[in-house]
>>> print(open('entry-v9.cif').read())   # mmCIF, C-alpha atoms and all ligand atoms
data_target
loop_
_atom_site.label_atom_id
_atom_site.label_comp_id
_atom_site.auth_asym_id
_atom_site.auth_seq_id
_atom_site.Cartn_x
_atom_site.Cartn_y
_atom_site.Cartn_z
CA MET A 1 -38.18 -73.75 83.91
CA LYS A 2 -39.07 -75.91 80.91
CA PHE A 3 -40.07 -74.49 77.56
CA GLY A 4 -43.88 -74.65 77.82
CA THR A 5 -43.78 -72.87 81.17
CA LYS A 6 -41.38 -70.23 79.89
CA ALA A 7 -43.57 -69.59 76.83
CA ILE A 8 -46.46 -68.71 79.14
CA HIS A 9 -44.71 -67.11 82.10
CA GLY A 10 -41.12 -66.27 81.05
CA GLY A 11 -40.18 -62.65 81.73
CA LEU A 12 -43.78 -61.74 82.56
CA GLU A 13 -45.44 -60.30 85.68
CA PRO A 14 -49.09 -59.40 86.22
CA ASP A 15 -49.68 -55.74 85.34
CA PRO A 16 -48.31 -53.74 88.32
CA THR A 17 -51.08 -51.13 88.30
CA THR A 18 -54.16 -53.40 88.08
CA GLY A 19 -53.02 -56.99 88.48
CA ALA A 20 -54.32 -57.81 84.98
CA ILE A 21 -52.95 -61.25 84.15
CA MET A 22 -52.60 -60.31 80.49
CA THR A 23 -50.21 -57.45 79.83
CA PRO A 24 -52.46 -54.57 78.76
CA ILE A 25 -52.09 -52.82 75.42
CA TYR A 26 -50.45 -49.58 76.49
CA GLN A 27 -51.64 -47.58 73.52
CA THR A 28 -49.75 -44.44 74.45
CA SER A 29 -46.91 -42.44 72.94
CA THR A 30 -45.82 -40.62 76.07
CA TYR A 31 -45.91 -40.82 79.89
CA VAL A 32 -46.60 -38.08 82.41
CA GLN A 33 -43.54 -37.29 84.48
CA GLU A 34 -43.73 -36.42 88.18
CA GLY A 35 -40.86 -33.98 87.87
CA ILE A 36 -38.23 -33.18 85.30
CA GLY A 37 -36.58 -36.51 84.46
CA VAL A 38 -38.64 -38.31 87.13
CA HIS A 39 -40.64 -41.14 85.55
CA LYS A 40 -41.48 -44.82 86.04
CA GLY A 41 -39.01 -46.10 83.45
CA TYR A 42 -41.07 -44.97 80.48
CA ALA A 43 -40.65 -41.56 78.87
CA TYR A 44 -41.56 -42.04 75.21
CA SER A 45 -42.83 -45.13 73.38
CA ARG A 46 -40.13 -45.26 70.70
CA SER A 47 -37.62 -45.79 73.53
CA ALA A 48 -39.80 -48.11 75.61
CA ASN A 49 -43.42 -49.14 75.95
CA PRO A 50 -44.67 -51.51 78.69
CA THR A 51 -46.45 -53.90 76.28
CA ARG A 52 -43.38 -54.09 74.07
CA SER A 53 -41.10 -54.46 77.12
CA ALA A 54 -43.15 -57.43 78.35
CA LEU A 55 -42.86 -59.09 74.94
CA GLU A 56 -39.13 -58.35 74.77
CA SER A 57 -38.51 -60.07 78.12
CA ASN A 58 -40.71 -62.99 77.12
CA ILE A 59 -38.86 -63.55 73.82
CA ALA A 60 -35.51 -63.23 75.64
CA ALA A 61 -36.72 -65.87 78.13
CA ILE A 62 -37.71 -68.44 75.50
CA GLU A 63 -34.39 -67.92 73.66
CA ASN A 64 -32.41 -68.34 76.90
CA GLY A 65 -31.07 -64.81 76.48
CA GLN A 66 -30.77 -61.82 78.75
CA TYR A 67 -31.78 -59.06 76.37
CA GLY A 68 -34.60 -58.88 73.83
CA ALA A 69 -35.61 -56.16 71.41
CA CYS A 70 -38.60 -56.04 69.07
CA PHE A 71 -38.79 -54.29 65.73
CA ALA A 72 -41.34 -53.28 63.11
CA SER A 73 -40.44 -56.35 61.00
CA GLY A 74 -37.91 -59.15 60.75
CA ILE A 75 -36.07 -57.07 58.18
CA ALA A 76 -35.93 -54.13 60.63
CA ALA A 77 -34.28 -56.49 63.14
CA ILE A 78 -31.70 -57.49 60.51
CA ASP A 79 -31.24 -53.79 59.71
CA CYS A 80 -30.33 -53.21 63.37
CA VAL A 81 -27.68 -55.95 63.34
CA ILE A 82 -25.98 -54.62 60.21
CA LYS A 83 -26.04 -51.07 61.61
CA MET A 84 -23.74 -52.33 64.38
CA LEU A 85 -21.05 -52.48 61.67
CA ASN A 86 -18.98 -49.73 60.01
CA PRO A 87 -18.06 -49.01 56.39
CA GLY A 88 -15.29 -51.39 55.31
CA ASP A 89 -16.50 -54.17 57.61
CA GLU A 90 -17.22 -57.51 55.98
CA VAL A 91 -20.00 -60.02 56.54
CA ILE A 92 -19.94 -63.70 55.67
CA SER A 93 -23.46 -64.86 54.99
CA THR A 94 -24.93 -68.19 54.02
CA ASP A 95 -25.66 -68.30 50.28
CA ASP A 96 -29.06 -69.91 50.76
CA LEU A 97 -31.10 -67.34 52.62
CA TYR A 98 -34.36 -65.46 52.84
CA GLY A 99 -34.76 -63.27 49.75
CA GLY A 100 -35.45 -60.11 51.74
CA THR A 101 -32.28 -60.61 53.77
CA TYR A 102 -30.27 -60.90 50.56
CA ARG A 103 -31.99 -57.76 49.26
CA ILE A 104 -31.23 -55.57 52.28
CA PHE A 105 -27.61 -56.77 52.31
CA LYS A 106 -27.06 -56.16 48.60
CA THR A 107 -29.22 -53.14 47.78
CA ILE A 108 -29.15 -51.17 51.02
CA PHE A 109 -25.96 -51.84 52.97
CA GLU A 110 -23.50 -52.53 50.18
CA LYS A 111 -23.71 -48.89 49.11
CA TYR A 112 -22.72 -47.82 52.63
CA GLY A 113 -19.47 -49.72 52.21
CA ILE A 114 -20.28 -52.97 53.97
CA VAL A 115 -19.02 -55.98 52.05
CA PHE A 116 -21.02 -59.21 51.89
CA HIS A 117 -19.66 -62.64 50.96
CA PHE A 118 -22.16 -65.41 50.29
CA VAL A 119 -20.73 -68.85 50.97
CA ASN A 120 -22.05 -72.38 51.15
CA MET A 121 -22.09 -73.05 54.88
CA LEU A 122 -22.96 -76.73 54.64
CA ASP A 123 -19.20 -77.07 54.87
CA VAL A 124 -18.28 -74.71 57.70
CA GLN A 125 -14.70 -74.73 56.41
CA ASN A 126 -16.00 -72.32 53.73
CA ILE A 127 -16.72 -69.79 56.50
CA LYS A 128 -13.18 -70.10 57.80
CA ASN A 129 -11.75 -69.64 54.30
CA ALA A 130 -13.71 -66.41 53.77
CA ILE A 131 -12.60 -64.74 57.02
CA ASN A 132 -10.13 -61.88 56.78
CA GLU A 133 -9.08 -59.02 59.07
CA ASN A 134 -12.18 -56.99 58.09
CA THR A 135 -14.70 -59.73 58.88
CA LYS A 136 -16.99 -58.59 61.68
CA LEU A 137 -20.10 -60.75 61.33
CA ILE A 138 -21.14 -64.23 60.28
CA TRP A 139 -24.80 -64.50 59.27
CA VAL A 140 -26.40 -67.92 59.51
CA GLU A 141 -29.93 -69.03 58.68
CA THR A 142 -30.84 -72.60 59.64
CA PRO A 143 -32.91 -74.36 58.45
CA THR A 144 -32.41 -72.29 55.31
CA ASN A 145 -35.22 -70.92 53.23
CA PRO A 146 -36.41 -72.60 51.09
CA MET A 147 -33.93 -75.48 50.73
CA MET A 148 -34.14 -76.62 54.36
CA ASN A 149 -30.38 -76.95 54.59
CA ILE A 150 -29.03 -77.31 58.08
CA ILE A 151 -25.97 -75.37 59.17
CA ASP A 152 -23.98 -76.54 62.16
CA VAL A 153 -24.32 -73.58 64.58
CA GLU A 154 -21.88 -74.99 67.14
CA ALA A 155 -19.18 -75.43 64.48
CA ALA A 156 -19.85 -71.95 63.08
CA ALA A 157 -19.68 -70.51 66.62
CA LYS A 158 -16.31 -72.14 67.18
CA ILE A 159 -14.92 -70.51 64.04
CA ALA A 160 -16.49 -67.17 64.99
CA LYS A 161 -14.99 -67.25 68.49
CA GLU A 162 -11.52 -68.10 67.22
CA ALA A 163 -11.65 -65.20 64.76
CA ARG A 164 -13.36 -62.85 67.30
CA VAL A 165 -16.22 -62.31 64.88
CA MET A 166 -19.85 -61.90 65.86
CA LEU A 167 -22.22 -64.75 64.95
CA ALA A 168 -25.90 -64.02 64.28
CA VAL A 169 -28.47 -66.74 63.60
CA ASP A 170 -31.83 -66.23 61.92
CA ASN A 171 -33.92 -68.67 63.97
CA THR A 172 -37.24 -67.93 62.27
CA PHE A 173 -37.82 -71.39 60.79
CA ALA A 174 -36.80 -73.45 63.81
CA THR A 175 -38.25 -71.18 66.53
CA PRO A 176 -36.87 -71.32 70.09
CA TYR A 177 -39.01 -74.44 70.63
CA LEU A 178 -36.76 -76.42 68.30
CA GLN A 179 -33.38 -74.78 68.82
CA ASN A 180 -31.65 -72.09 70.88
CA PRO A 181 -28.65 -70.72 68.96
CA LEU A 182 -27.35 -68.71 71.96
CA ASP A 183 -26.86 -72.00 73.82
CA GLN A 184 -24.88 -73.24 70.82
CA GLY A 185 -22.53 -70.25 70.92
CA ALA A 186 -24.21 -67.61 68.75
CA ASP A 187 -23.99 -63.96 69.86
CA ILE A 188 -27.31 -62.78 68.42
CA VAL A 189 -30.54 -64.59 67.57
CA MET A 190 -32.87 -62.98 65.07
CA HIS A 191 -36.55 -63.74 64.43
CA SER A 192 -39.19 -62.74 62.01
CA ALA A 193 -41.89 -62.84 64.70
CA THR A 194 -44.31 -62.49 61.79
CA LYS A 195 -44.02 -66.25 61.39
CA TYR A 196 -44.19 -68.88 64.17
CA LEU A 197 -43.82 -66.58 67.20
CA GLY A 198 -46.92 -64.61 66.23
CA GLY A 199 -48.30 -67.77 64.69
CA HIS A 200 -51.63 -66.44 63.44
CA SER A 201 -50.67 -64.50 60.29
CA ASP A 202 -51.91 -61.24 61.75
CA VAL A 203 -48.73 -59.30 62.60
CA VAL A 204 -45.47 -58.22 60.96
CA MET A 205 -42.66 -58.04 63.53
CA GLY A 206 -39.00 -58.80 64.17
CA ALA A 207 -36.94 -59.60 67.25
CA LEU A 208 -33.34 -59.86 68.40
CA VAL A 209 -32.03 -61.61 71.50
CA CYS A 210 -28.50 -61.53 72.92
CA ASN A 211 -26.56 -62.10 76.13
CA ASP A 212 -23.59 -59.78 75.74
CA ASP A 213 -23.89 -56.40 77.54
CA GLU A 214 -22.01 -54.49 74.82
CA ILE A 215 -24.05 -55.98 71.97
CA ALA A 216 -27.24 -55.26 73.93
CA LYS A 217 -26.23 -51.62 74.41
CA GLU A 218 -25.75 -51.23 70.65
CA MET A 219 -28.97 -53.10 69.91
CA TYR A 220 -31.06 -50.78 72.11
CA ARG A 221 -29.19 -47.68 70.92
CA ILE A 222 -29.95 -48.53 67.28
CA GLN A 223 -33.52 -49.62 68.05
CA ASN A 224 -34.20 -46.22 69.58
CA SER A 225 -32.10 -44.18 67.13
CA SER A 226 -33.37 -45.78 63.91
CA GLY A 227 -36.86 -46.06 65.38
CA ALA A 228 -38.17 -49.16 63.60
CA VAL A 229 -40.09 -50.26 66.69
CA THR A 230 -43.22 -52.35 66.95
CA GLY A 231 -46.48 -50.97 68.31
CA PRO A 232 -48.31 -51.99 71.52
CA MET A 233 -51.21 -53.76 69.76
CA ASP A 234 -48.86 -55.92 67.71
CA SER A 235 -46.75 -56.60 70.82
CA PHE A 236 -49.87 -57.85 72.58
CA LEU A 237 -50.76 -60.14 69.69
CA VAL A 238 -47.32 -61.75 69.63
CA LEU A 239 -47.30 -62.11 73.43
CA ARG A 240 -50.57 -63.99 73.07
CA GLY A 241 -49.18 -66.03 70.17
CA ILE A 242 -46.12 -67.19 72.12
CA LYS A 243 -48.33 -68.60 74.89
CA THR A 244 -49.23 -71.47 72.54
CA LEU A 245 -45.94 -71.70 70.64
CA HIS A 246 -44.97 -75.08 72.11
CA VAL A 247 -48.40 -76.60 71.47
CA ARG A 248 -48.54 -75.31 67.91
CA MET A 249 -44.98 -76.42 67.16
CA GLN A 250 -45.72 -79.96 68.32
CA ARG A 251 -48.48 -80.17 65.73
CA HIS A 252 -46.45 -78.41 63.01
CA CYS A 253 -43.74 -81.06 63.54
CA GLU A 254 -46.19 -83.99 63.48
CA ASN A 255 -47.97 -82.75 60.36
CA GLY A 256 -44.65 -81.89 58.72
CA GLU A 257 -43.42 -85.43 59.21
CA LYS A 258 -46.60 -87.03 57.85
CA ILE A 259 -46.61 -84.84 54.75
CA ALA A 260 -42.86 -85.15 54.05
CA ARG A 261 -43.12 -88.95 54.21
CA TRP A 262 -46.21 -88.96 52.02
CA LEU A 263 -44.57 -86.68 49.41
CA LYS A 264 -41.61 -89.04 49.24
CA THR A 265 -43.87 -91.84 48.04
CA HIS A 266 -45.68 -89.72 45.41
CA PRO A 267 -44.80 -90.66 41.79
CA LYS A 268 -44.81 -87.03 40.55
CA VAL A 269 -42.45 -85.77 43.25
CA ASP A 270 -38.73 -85.61 42.54
CA LYS A 271 -36.89 -84.42 45.68
CA VAL A 272 -38.24 -83.73 49.17
CA TYR A 273 -36.39 -81.34 51.47
CA TRP A 274 -37.25 -81.79 55.14
CA PRO A 275 -34.50 -82.11 57.78
CA GLY A 276 -36.26 -84.96 59.57
CA LEU A 277 -35.81 -87.36 56.64
CA GLU A 278 -32.94 -89.78 57.25
CA GLU A 279 -31.58 -89.15 53.73
CA HIS A 280 -31.48 -85.36 54.24
CA PRO A 281 -27.77 -84.49 53.76
CA ASN A 282 -27.54 -82.79 57.17
CA HIS A 283 -29.95 -84.98 59.09
CA ALA A 284 -27.26 -85.84 61.63
CA VAL A 285 -26.57 -82.17 62.41
CA ALA A 286 -30.31 -81.45 62.60
CA LYS A 287 -30.75 -84.33 65.02
CA ARG A 288 -28.01 -82.94 67.24
CA GLN A 289 -28.95 -79.26 67.24
CA MET A 290 -32.75 -79.36 66.94
CA ARG A 291 -35.42 -80.90 69.16
CA GLY A 292 -37.71 -81.59 66.19
CA TYR A 293 -37.85 -80.79 62.49
CA GLY A 294 -40.70 -78.33 62.04
CA GLY A 295 -43.41 -77.87 59.46
CA MET A 296 -41.50 -76.33 56.56
CA ILE A 297 -41.06 -78.60 53.56
CA SER A 298 -39.84 -77.97 50.02
CA PHE A 299 -40.07 -80.39 47.11
CA SER A 300 -39.47 -80.42 43.38
CA LEU A 301 -41.44 -82.15 40.65
CA LYS A 302 -40.27 -84.75 38.17
CA GLY A 303 -39.52 -83.10 34.80
CA ASN A 304 -38.87 -79.74 36.56
CA ARG A 305 -41.50 -77.83 34.57
CA LEU A 306 -42.46 -74.32 35.69
CA GLU A 307 -46.01 -74.87 34.41
CA ASP A 308 -46.53 -77.96 36.58
CA ALA A 309 -45.37 -76.12 39.69
CA LYS A 310 -47.64 -73.17 38.94
CA LYS A 311 -50.63 -75.48 38.40
CA LEU A 312 -49.98 -77.24 41.69
CA ALA A 313 -49.55 -73.96 43.58
CA VAL A 314 -52.96 -72.70 42.49
CA GLY A 315 -54.65 -76.13 42.59
CA THR A 316 -54.83 -76.67 46.36
CA LYS A 317 -57.84 -75.56 48.37
CA LEU A 318 -56.68 -75.78 52.00
CA PHE A 319 -53.10 -74.81 51.28
CA ALA A 320 -53.47 -71.12 50.42
CA LEU A 321 -51.19 -69.61 47.81
CA ALA A 322 -49.35 -66.93 49.74
CA GLU A 323 -45.99 -65.64 50.85
CA SER A 324 -45.06 -65.97 54.52
CA LEU A 325 -45.18 -69.04 56.78
CA GLY A 326 -45.54 -70.19 60.35
CA GLY A 327 -49.25 -69.54 60.86
CA VAL A 328 -51.85 -72.05 62.02
CA GLU A 329 -53.14 -72.32 58.44
CA SER A 330 -51.22 -74.16 55.71
CA LEU A 331 -49.64 -72.14 52.90
CA ILE A 332 -48.14 -73.11 49.58
CA GLY A 333 -45.59 -71.03 47.70
CA HIS A 334 -43.43 -71.01 44.60
CA PRO A 335 -40.03 -69.59 45.69
CA ALA A 336 -38.65 -68.93 42.18
CA THR A 337 -41.43 -66.45 41.37
CA MET A 338 -42.49 -65.38 44.87
CA THR A 339 -40.18 -65.14 47.90
CA HIS A 340 -36.95 -65.52 45.91
CA ALA A 341 -37.82 -63.56 42.78
CA SER A 342 -35.35 -60.84 43.83
CA ILE A 343 -32.45 -63.32 43.61
CA PRO A 344 -30.98 -63.67 40.07
CA LYS A 345 -31.89 -66.98 38.36
CA GLU A 346 -28.27 -68.23 38.17
CA GLU A 347 -27.74 -67.54 41.89
CA ARG A 348 -31.06 -69.20 42.67
CA GLU A 349 -30.44 -72.37 40.72
CA LYS A 350 -26.97 -72.78 42.19
CA THR A 351 -28.62 -73.27 45.57
CA GLY A 352 -31.33 -75.65 44.27
CA ILE A 353 -34.24 -73.21 43.85
CA VAL A 354 -35.30 -74.69 40.52
CA ASP A 355 -38.43 -73.73 38.57
CA SER A 356 -40.53 -76.64 39.87
CA LEU A 357 -39.66 -76.12 43.54
CA ILE A 358 -42.68 -75.81 45.82
CA ARG A 359 -42.52 -74.71 49.44
CA LEU A 360 -45.09 -75.70 52.03
CA SER A 361 -45.72 -74.12 55.39
CA VAL A 362 -47.63 -76.97 56.96
CA GLY A 363 -50.21 -75.63 59.39
CA ILE A 364 -51.92 -77.30 62.33
CA GLU A 365 -55.04 -78.53 60.53
CA ASP A 366 -55.76 -82.26 60.35
CA ALA A 367 -52.93 -83.93 58.40
CA ASP A 368 -55.32 -86.27 56.55
CA ASP A 369 -57.18 -83.31 55.06
CA LEU A 370 -53.91 -81.64 54.10
CA ILE A 371 -52.66 -84.76 52.34
CA ALA A 372 -56.00 -85.17 50.50
CA ASP A 373 -55.73 -81.54 49.38
CA LEU A 374 -52.22 -82.03 47.97
CA GLU A 375 -53.26 -85.31 46.37
CA GLY A 376 -56.16 -83.60 44.58
CA ALA A 377 -53.94 -80.79 43.29
CA MET A 378 -51.25 -83.25 42.09
CA ASP A 379 -53.83 -85.06 39.98
C1 LIG B 401 -39.97 -63.59 56.82
C2 LIG B 401 -38.53 -63.81 57.10
C3 LIG B 401 -37.67 -62.74 57.32
C4 LIG B 401 -38.12 -61.29 57.23
O1 LIG B 401 -39.06 -60.98 58.21
P1 LIG B 401 -40.26 -59.92 57.98
O2 LIG B 401 -41.00 -60.01 59.26
O3 LIG B 401 -41.02 -60.36 56.79
O4 LIG B 401 -39.61 -58.59 57.77
C5 LIG B 401 -36.34 -63.02 57.60
N1 LIG B 401 -35.89 -64.29 57.66
C6 LIG B 401 -36.69 -65.35 57.44
C7 LIG B 401 -36.13 -66.72 57.52
C8 LIG B 401 -38.03 -65.14 57.15
O5 LIG B 401 -38.82 -66.20 56.92
#
>>> encode(input="entry-v9.cif", output="structure tokens")
Amino acid sequence: MKFGTKAIHGGLEPDPTTGAIMTPIYQTSTYVQEGIGVHKGYAYSRSANPTRSALESNIAAIENGQYGACFASGIAAIDCVIKMLNPGDEVISTDDLYGGTYRIFKTIFEKYGIVFHFVNMLDVQNIKNAINENTKLIWVETPTNPMMNIIDVEAAAKIAKEARVMLAVDNTFATPYLQNPLDQGADIVMHSATKYLGGHSDVVMGALVCNDDEIAKEMYRIQNSSGAVTGPMDSFLVLRGIKTLHVRMQRHCENGEKIARWLKTHPKVDKVYWPGLEEHPNHAVAKRQMRGYGGMISFSLKGNRLEDAKKLAVGTKLFALAESLGGVESLIGHPATMTHASIPKEEREKTGIVDSLIRLSVGIEDADDLIADLEGAMD
């Protein structure tokens, strides 16, 4: 089955009780049992709920995985992965990653004795150098947020396999439409479904997908034991969102390309970060591991003045100033003071998140209007 078909039908059946083509919102906490321990596979909605189960199989299908699990947020999905580890275990993470991921690693799990190393994964050799006998997990985000760096998942997977270490990939930015990390050798794929999977800026949700039976057992055990599950209404909304994922992503990619190329020609723009540009340092890897380059773009301004970036961020009319990304509407953000404010300035600047850096989540509006909006704000 090809992607567009899987997005609409993958892992889904008409509702068994009524034939409803859309999975109903099973807004229920519990299920009446015919006898003690005799039920239809559902006993309590923290453990399983039919709307959530349908979404979990659908997300597994589009990621080419066997097992899917949905969580109350992307961060709750990350929380589940780290809870698979024990005190003393070590994690090698990319040094250019979502601020909230950095925060949960550093301020929640470090105090439980899990050790995190942040390395530059543009050279995968740095992963290899950081591995020791306690290393249990490699955490990759690609494209990275907000620098749009591309990490070679296949190369990272090779290193992980040799060292018998688990590899998890945050696939939020690329979405399964553009890349499938499990096919490239990753053990776990993580999503903030809040972003492109939901696609309409109306839900906060996370997801994990894997193929390994043992990892799946742990994933479901922790999902049920920690209890950060997603509700039936939100599950329904994301199920509905995924039905148009391929169509939306096509437009995100087209608009992303038009805007990245336009920004490159603008006299006030210094650097443009979009993996589809030929001069992007990892364009070759992106071309190999992705089927397109998406709608996320970052750029810096000539002179690198904080004031200029702030003026631009509040000067657009269609691009709304907001955190988050991946919805149908375009958003503009200032990573240094918004999404990445929790990362110390020195750490931030080392990875390129300078004061004038602006991040765009290019939506699916008409590209001409979006360009006119940016042009107006730049003036
Ligand atoms: C938003 C995001 C997260 C966190 O997900 P939430 O749904 O906000 O908890 C993790 N990784 C990336 C790349 C994100 O963009």
>>> residues_around(input="entry-v9.cif", residues="A:Asp368", least_positions_apart="6", cutoff="10 Å", atoms="only C-alpha atoms", output="ChimeraX atom specification")
/A:255,258-259
>>> residues_around(input="entry-v9.cif", residues="stretch 173-188 of chain A", least_positions_apart="6", cutoff="6 Å", atoms="only C-alpha atoms", output="ChimeraX atom specification")
/A:63,154,157,167,209-210,290-292
>>> residues_near_ligand(input="entry-v9.cif", ligand="ligand LIG 401 (chain B)", cutoff="7 Å", atoms="all atoms listed in the file", output="list of chain:residue names")
A:Ser73, A:Gly74, A:Ile75, A:Ala76, A:Tyr98, A:Gly100, A:Thr101, A:Glu141, A:Asn145, A:Asp170, A:Thr172, A:Phe173, A:His191, A:Ser192, A:Ala193, A:Thr194, A:Lys195, A:Val204, A:Met205, A:Gly206, A:Ser324, A:Leu325
>>> closest_residue(input="entry-v9.cif", among="A:Ala72, A:Ala20, A:Ala228, A:Val272", to="A:Val203", atoms="only C-alpha atoms")
A:Ala72
>>> atom_distance(input="entry-v9.cif", atom1="atom CA of A:Leu318", atom2="atom CA of A:Ile332")
9.3 Å
>>> atom_distance(input="entry-v9.cif", atom1="atom CA of A:Leu208", atom2="atom CA of A:Ile21")
25.2 Å
>>> atom_distance(input="entry-v9.cif", atom1="atom CA of A:Ile343", atom2="atom CA of A:Pro146")
12.6 Å
>>> closest_residue(input="entry-v9.cif", among="A:Ala336, A:Ala372, A:Ala130, A:Cys80", to="A:Gly352", atoms="only C-alpha atoms")
A:Ala336
>>> closest_residue(input="entry-v9.cif", among="A:Ala367, A:Ala54, A:Ser47, A:Met84", to="A:Glu218", atoms="all atoms listed in the file")
A:Met84
>>> residues_around(input="entry-v9.cif", residues="A:His200", least_positions_apart="5", cutoff="9 Å", atoms="all atoms listed in the file", output="VMD selection string")
chain A and resid 194 to 195 237 to 238 241 326 to 329
>>> closest_residue(input="entry-v9.cif", among="A:Ile222, A:Val354, A:Ile150, A:Val285", to="A:Asn120", atoms="only C-alpha atoms")
A:Ile150
>>> closest_residue(input="entry-v9.cif", among="A:Ile127, A:Ala43, A:Leu197, A:Leu55", to="A:Met22", atoms="all atoms listed in the file")
A:Leu55
>>> residues_near_point(input="entry-v9.cif", point="(-14.7, -64.7, 64.1)", cutoff="8 Å", atoms="all atoms listed in the file", output="short mmCIF file (atom, residue, chain, number, x, y, z; two decimals) with C-alpha atoms, in the frame of the given file")
data_model
loop_
_atom_site.label_atom_id
_atom_site.label_comp_id
_atom_site.auth_asym_id
_atom_site.auth_seq_id
_atom_site.Cartn_x
_atom_site.Cartn_y
_atom_site.Cartn_z
CA ILE A 131 -12.60 -64.74 57.02
CA THR A 135 -14.70 -59.73 58.88
CA LYS A 136 -16.99 -58.59 61.68
CA LEU A 137 -20.10 -60.75 61.33
CA ILE A 138 -21.14 -64.23 60.28
CA ILE A 159 -14.92 -70.51 64.04
CA ALA A 160 -16.49 -67.17 64.99
CA LYS A 161 -14.99 -67.25 68.49
CA GLU A 162 -11.52 -68.10 67.22
CA ALA A 163 -11.65 -65.20 64.76
CA ARG A 164 -13.36 -62.85 67.30
CA VAL A 165 -16.22 -62.31 64.88
CA MET A 166 -19.85 -61.90 65.86
CA LEU A 167 -22.22 -64.75 64.95
#
>>> closest_residue(input="entry-v9.cif", among="A:Ala284, A:Gly294, A:Arg251, A:Gly41", to="A:Asp366", atoms="all atoms listed in the file")
A:Arg251
>>> residues_around(input="entry-v9.cif", residues="stretch 301-316 of chain A", least_positions_apart="4", cutoff="9 Å", atoms="all atoms listed in the file", output="list in words")
Pro267, Lys268, Val269, Asp270, Lys271, Ala320, Leu321, Ile332, Gly333, His334, Val354, Asp355, Ser356, Leu357, Ile358, Asp373, Leu374, Glu375, Gly376, Ala377, Met378 and Asp379 of chain A
>>> residues_around(input="entry-v9.cif", residues="A:Glu90", least_positions_apart="2", cutoff="9 Å", atoms="all atoms listed in the file", output="list in words")
Leu85, Asn86, Pro87, Gly88, Ile92, Gly113, Ile114, Val115, Phe116, His117, Ile131, Asn132, Glu133, Asn134, Thr135, Lys136, Leu137 and Ile138 of chain A
>>> closest_atom_pairs(input="entry-v9.cif", of="stretch 210-329 of chain A", to="stretch 24-38 of chain A", cutoff="10 Å", atoms="all atoms listed in the file", output="JSON lines")
{"residue": "A:Gly231", "atom": "CA", "partner": "A:Gln27", "partner_atom": "CA", "distance": 8.1}
{"residue": "A:Pro232", "atom": "CA", "partner": "A:Ile25", "partner_atom": "CA", "distance": 5.5}
{"residue": "A:Met233", "atom": "CA", "partner": "A:Ile25", "partner_atom": "CA", "distance": 5.8}
{"residue": "A:Asp234", "atom": "CA", "partner": "A:Ile25", "partner_atom": "CA", "distance": 8.9}
{"residue": "A:Ser235", "atom": "CA", "partner": "A:Ile25", "partner_atom": "CA", "distance": 8.0}
{"residue": "A:Phe236", "atom": "CA", "partner": "A:Ile25", "partner_atom": "CA", "distance": 6.2}
{"residue": "A:Leu237", "atom": "CA", "partner": "A:Ile25", "partner_atom": "CA", "distance": 9.4}
>>> axis_aligned_box(input="entry-v9.cif", around="stretch 219-232 of chain A", padding_each_side="3 Å", output="AutoDock Vina command-line options")
--center_x -38.6 --center_y -48.6 --center_z 67.9 --size_x 25.3 --size_y 14.9 --size_z 14.5
>>> decode(input="entry-v9.cif", residues="stretch 227-234 of chain A", atoms="N, CA, C and O atoms", output="short mmCIF file (atom, residue, chain, number, x, y, z; two decimals), in the first residue's frame")
data_model
loop_
_atom_site.label_atom_id
_atom_site.label_comp_id
_atom_site.auth_asym_id
_atom_site.auth_seq_id
_atom_site.Cartn_x
_atom_site.Cartn_y
_atom_site.Cartn_z
N GLY A 227 0.58 6.32 32.82
CA GLY A 227 -0.77 6.84 32.63
C GLY A 227 -0.92 8.13 31.84
O GLY A 227 -1.99 8.74 31.85
N ALA A 228 0.15 8.54 31.13
CA ALA A 228 0.05 9.79 30.36
C ALA A 228 -0.58 9.51 28.99
O ALA A 228 0.02 9.73 27.95
N VAL A 229 -1.83 9.03 29.03
CA VAL A 229 -2.49 8.64 27.77
C VAL A 229 -3.26 9.82 27.18
O VAL A 229 -3.46 10.83 27.83
N THR A 230 -3.66 9.64 25.92
CA THR A 230 -4.42 10.67 25.24
C THR A 230 -5.91 10.29 25.26
O THR A 230 -6.24 9.11 25.31
N GLY A 231 -6.77 11.27 25.26
CA GLY A 231 -8.21 11.00 25.37
C GLY A 231 -8.84 10.66 24.02
O GLY A 231 -8.25 10.87 22.96
N PRO A 232 -10.08 10.11 24.05
CA PRO A 232 -10.75 9.69 22.82
C PRO A 232 -11.05 10.83 21.84
O PRO A 232 -10.92 10.65 20.63
N MET A 233 -11.42 11.99 22.34
CA MET A 233 -11.72 13.12 21.45
C MET A 233 -10.47 13.54 20.68
O MET A 233 -10.50 13.74 19.46
N ASP A 234 -9.36 13.67 21.41
CA ASP A 234 -8.11 14.05 20.76
C ASP A 234 -7.66 12.97 19.78
O ASP A 234 -7.14 13.27 18.70
#
